[in-house]
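**Student:** Structure file run_6.cif, mmCIF, C-alpha atoms; chains and numbers go by the auth columns, is pasted below:
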```
data_model
loop_
_atom_site.group_PDB
_atom_site.id
_atom_site.type_symbol
_atom_site.label_atom_id
_atom_site.label_comp_id
_atom_site.label_asym_id
_atom_site.label_seq_id
_atom_site.Cartn_x
_atom_site.Cartn_y
_atom_site.Cartn_z
_atom_site.B_iso_or_equiv
_atom_site.auth_seq_id
_atom_site.auth_asym_id
ATOM 1 C CA MET A 1 29.665 59.116 7.912 0.00 1 E
ATOM 2 C CA ARG A 2 26.425 57.261 7.233 0.00 2 E
ATOM 3 C CA VAL A 3 26.149 53.570 8.052 0.00 3 E
ATOM 4 C CA LEU A 4 22.699 53.253 6.484 0.00 4 E
ATOM 5 C CA GLU A 5 20.493 55.398 4.282 0.00 5 E
ATOM 6 C CA CYS A 6 17.127 54.575 2.710 0.00 6 E
ATOM 7 C CA ILE A 7 13.715 55.945 1.786 0.00 7 E
ATOM 8 C CA ASP A 8 11.151 54.908 4.404 0.00 8 E
ATOM 9 C CA LYS A 9 7.508 53.882 3.993 0.00 9 E
ATOM 10 C CA THR A 10 6.416 57.544 4.125 0.00 10 E
ATOM 11 C CA LYS A 11 8.840 58.440 1.279 0.00 11 E
ATOM 12 C CA ARG A 12 11.282 60.295 3.522 0.00 12 E
ATOM 13 C CA ARG A 13 15.037 59.775 3.569 0.00 13 E
ATOM 14 C CA ILE A 14 16.230 58.188 6.824 0.00 14 E
ATOM 15 C CA TYR A 15 19.846 57.610 7.781 0.00 15 E
ATOM 16 C CA LEU A 16 21.991 56.160 10.561 0.00 16 E
ATOM 17 C CA THR A 17 25.307 57.881 11.305 0.00 17 E
ATOM 18 C CA SER A 18 28.421 56.095 12.520 0.00 18 E
ATOM 19 C CA GLU A 19 28.219 58.133 15.750 0.00 19 E
ATOM 20 C CA ARG A 20 24.658 56.924 16.411 0.00 20 E
ATOM 21 C CA TRP A 21 25.605 53.350 15.460 0.00 21 E
ATOM 22 C CA SER A 22 28.473 53.485 17.963 0.00 22 E
ATOM 23 C CA HIS A 23 26.043 54.660 20.673 0.00 23 E
ATOM 24 C CA LEU A 24 23.397 52.134 19.707 0.00 24 E
ATOM 25 C CA SER A 25 25.740 49.140 19.526 0.00 25 E
ATOM 26 C CA GLY A 26 27.308 50.101 22.861 0.00 26 E
ATOM 27 C CA GLU A 27 24.068 50.767 24.758 0.00 27 E
ATOM 28 C CA HIS A 28 21.934 48.085 23.069 0.00 28 E
ATOM 29 C CA PRO A 29 24.283 45.315 21.876 0.00 29 E
ATOM 30 C CA GLU A 30 21.313 42.999 21.298 0.00 30 E
ATOM 31 C CA VAL A 31 20.484 44.953 18.118 0.00 31 E
ATOM 32 C CA VAL A 32 23.925 44.548 16.514 0.00 32 E
ATOM 33 C CA PRO A 33 23.016 41.301 14.686 0.00 33 E
ATOM 34 C CA TYR A 34 19.903 43.061 13.327 0.00 34 E
ATOM 35 C CA LEU A 35 21.619 45.995 11.578 0.00 35 E
ATOM 36 C CA ASN A 36 20.904 44.359 8.224 0.00 36 E
ATOM 37 C CA GLN A 37 17.164 44.486 9.096 0.00 37 E
ATOM 38 C CA PHE A 38 17.039 48.212 9.934 0.00 38 E
ATOM 39 C CA GLU A 39 16.210 49.138 6.349 0.00 39 E
ATOM 40 C CA GLU A 40 13.305 46.666 6.341 0.00 40 E
ATOM 41 C CA VAL A 41 12.012 48.147 9.608 0.00 41 E
ATOM 42 C CA LEU A 42 11.959 51.585 7.978 0.00 42 E
ATOM 43 C CA LYS A 43 10.546 50.486 4.614 0.00 43 E
ATOM 44 C CA GLN A 44 8.004 47.923 5.835 0.00 44 E
ATOM 45 C CA PRO A 45 7.260 48.621 9.497 0.00 45 E
ATOM 46 C CA LEU A 46 4.603 46.742 11.374 0.00 46 E
ATOM 47 C CA GLN A 47 3.577 50.109 12.819 0.00 47 E
ATOM 48 C CA ILE A 48 4.747 53.735 12.940 0.00 48 E
ATOM 49 C CA THR A 49 3.686 55.806 15.935 0.00 49 E
ATOM 50 C CA SER A 50 4.366 59.359 17.036 0.00 50 E
ATOM 51 C CA PHE A 51 6.111 60.264 20.243 0.00 51 E
ATOM 52 C CA THR A 52 3.678 62.298 22.356 0.00 52 E
ATOM 53 C CA GLY A 53 6.338 64.645 23.758 0.00 53 E
ATOM 54 C CA ASP A 54 7.895 65.609 20.406 0.00 54 E
ATOM 55 C CA THR A 55 6.088 65.615 17.055 0.00 55 E
ATOM 56 C CA THR A 56 9.420 65.383 15.190 0.00 56 E
ATOM 57 C CA VAL A 57 10.057 61.896 16.616 0.00 57 E
ATOM 58 C CA ALA A 58 8.531 58.657 15.315 0.00 58 E
ATOM 59 C CA TYR A 59 8.717 55.034 16.440 0.00 59 E
ATOM 60 C CA TYR A 60 9.126 52.349 13.755 0.00 60 E
ATOM 61 C CA TYR A 61 8.348 48.764 14.823 0.00 61 E
ATOM 62 C CA LYS A 62 9.028 45.411 13.200 0.00 62 E
ATOM 63 C CA HIS A 63 8.430 41.951 14.665 0.00 63 E
ATOM 64 C CA ALA A 64 11.575 39.804 14.961 0.00 64 E
ATOM 65 C CA LYS A 65 10.141 36.301 15.227 0.00 65 E
ATOM 66 C CA ASP A 66 13.562 34.649 15.473 0.00 66 E
ATOM 67 C CA ARG A 67 14.390 36.269 18.840 0.00 67 E
ATOM 68 C CA PRO A 68 14.411 33.706 21.666 0.00 68 E
ATOM 69 C CA CYS A 69 13.246 36.156 24.365 0.00 69 E
ATOM 70 C CA ALA A 70 9.961 37.951 25.093 0.00 70 E
ATOM 71 C CA SER A 71 11.032 41.313 23.592 0.00 71 E
ATOM 72 C CA LYS A 72 10.417 40.534 19.937 0.00 72 E
ATOM 73 C CA HIS A 73 9.671 43.949 18.425 0.00 73 E
ATOM 74 C CA LEU A 74 12.608 45.905 17.070 0.00 74 E
ATOM 75 C CA LEU A 75 11.955 49.597 17.698 0.00 75 E
ATOM 76 C CA LEU A 76 13.848 52.281 15.791 0.00 76 E
ATOM 77 C CA VAL A 77 13.432 55.826 17.071 0.00 77 E
ATOM 78 C CA VAL A 78 13.709 58.405 14.268 0.00 78 E
ATOM 79 C CA LYS A 79 14.050 62.184 14.586 0.00 79 E
ATOM 80 C CA TYR A 80 13.015 64.364 11.613 0.00 80 E
ATOM 81 C CA LEU A 81 14.790 67.606 10.755 0.00 81 E
ATOM 82 C CA ASN A 82 14.790 69.556 7.482 0.00 82 E
ATOM 83 C CA GLY A 83 12.685 67.014 5.599 0.00 83 E
ATOM 84 C CA GLU A 84 14.722 63.919 6.438 0.00 84 E
ATOM 85 C CA GLY A 85 15.170 61.719 9.460 0.00 85 E
ATOM 86 C CA PHE A 86 17.943 60.074 11.369 0.00 86 E
ATOM 87 C CA ILE A 87 17.907 57.118 13.726 0.00 87 E
ATOM 88 C CA ILE A 88 18.432 58.238 17.319 0.00 88 E
ATOM 89 C CA THR A 89 18.409 54.788 18.886 0.00 89 E
ATOM 90 C CA GLY A 90 16.958 51.306 18.611 0.00 90 E
ATOM 91 C CA TYR A 91 16.167 48.429 20.924 0.00 91 E
ATOM 92 C CA PHE A 92 13.760 45.541 21.441 0.00 92 E
ATOM 93 C CA VAL A 93 10.429 45.909 23.226 0.00 93 E
ATOM 94 C CA LYS A 94 7.664 43.496 24.251 0.00 94 E
ATOM 95 C CA LYS A 95 4.734 45.710 23.264 0.00 95 E
ATOM 96 C CA LEU A 96 4.100 48.452 20.767 0.00 96 E
ATOM 97 C CA LYS A 97 3.408 51.939 22.158 0.00 97 E
#
```
Give the structure from the file, written as structure tokens.
**Tutor:**
Amino acid sequence: MRVLECIDKTKRRIYLTSERWSHLSGEHPEVVPYLNQFEEVLKQPLQITSFTGDTTVAYYYKHAKDRPCASKHLLLVVKYLNGEGFIITGYFVKKLK
């Protein structure tokens, strides 16, 4: 089952499955209140970068100015297969890679 599905800035379909959401919310509970912002991260990212070890993986960043701690960039890690992508994980980082 898909928790989220949208067309990203690069015009590709990206989705988040319930299995990945369960993993993400368990491993990175700090992102749970930001689920409603995931679509914005994908549609209007501050930056998209490639993962050097795997060309089918991309990092989507968006600044979360309301966070009270130093890690203010929400990072969503997306894996592309068969023309569409799915969110692998997400968490907050201090700096963009």
**Student:** Using the chain letters and numbering of this document, enumerate as a ChimeraX atom specification the residues selected by the PyMOL selection byres ((chain E and resi 50) around 12).
**Tutor:** /E:47-49,51-61,76-80,96-97
**Student:** What lies within 10 Å of region 33-45 of chain E using all atoms listed in the file, ignoring chain neighbours under 3 positions off, as a compact mmCIF listing (two decimals) with C-alpha atoms, keeping the file's coordinate frame?
**Tutor:**
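Written output follows (result.txt):
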```
# COMPACT_ATOMS: atom_id res chain seq x y z
CA VAL E 3 26.15 53.57 8.05
CA LEU E 4 22.70 53.25 6.48
CA GLU E 5 20.49 55.40 4.28
CA CYS E 6 17.13 54.58 2.71
CA ILE E 7 13.72 55.94 1.79
CA ASP E 8 11.15 54.91 4.40
CA LYS E 9 7.51 53.88 3.99
CA THR E 10 6.42 57.54 4.12
CA LYS E 11 8.84 58.44 1.28
CA ARG E 12 11.28 60.30 3.52
CA ARG E 13 15.04 59.78 3.57
CA ILE E 14 16.23 58.19 6.82
CA TYR E 15 19.85 57.61 7.78
CA LEU E 16 21.99 56.16 10.56
CA TRP E 21 25.60 53.35 15.46
CA SER E 25 25.74 49.14 19.53
CA PRO E 29 24.28 45.32 21.88
CA GLU E 30 21.31 43.00 21.30
CA ILE E 48 4.75 53.74 12.94
CA TYR E 59 8.72 55.03 16.44
CA TYR E 60 9.13 52.35 13.76
CA TYR E 61 8.35 48.76 14.82
CA LYS E 62 9.03 45.41 13.20
CA HIS E 63 8.43 41.95 14.66
CA ALA E 64 11.58 39.80 14.96
CA LEU E 74 12.61 45.90 17.07
CA LEU E 75 11.96 49.60 17.70
CA LEU E 76 13.85 52.28 15.79
CA VAL E 78 13.71 58.40 14.27
CA ILE E 87 17.91 57.12 13.73
CA GLY E 90 16.96 51.31 18.61
```
**Student:** If you measure from CA of Pro68 (chain E) to CA of Thr17 (chain E), what distance in Å do you get, rounded to one decimal?
**Tutor:**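 Computed distance, CA of Pro68 (chain E) to CA of Thr17 (chain E), equals 28.5 Å.
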**Student:** Hey, can you check how far CA of Val31 (chain E) sits from CA of Leu46 (chain E)?
**Tutor:**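 Between CA of Val31 (chain E) and CA of Leu46 (chain E) the gap works out to 17.3 Å.
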**Student:** Please return the centre and edge lengths, in Å to one decimal, of a box with edges along x, y and z that contains all listed atoms of region 69-78 of chain E, widened by 5 Å on every side, as lines of an AutoDock Vina configuration file.
**Tutor:**
```
center_x = 11.8
center_y = 47.3
center_z = 19.7
size_x = 14.2
size_y = 32.2
size_z = 20.8
```
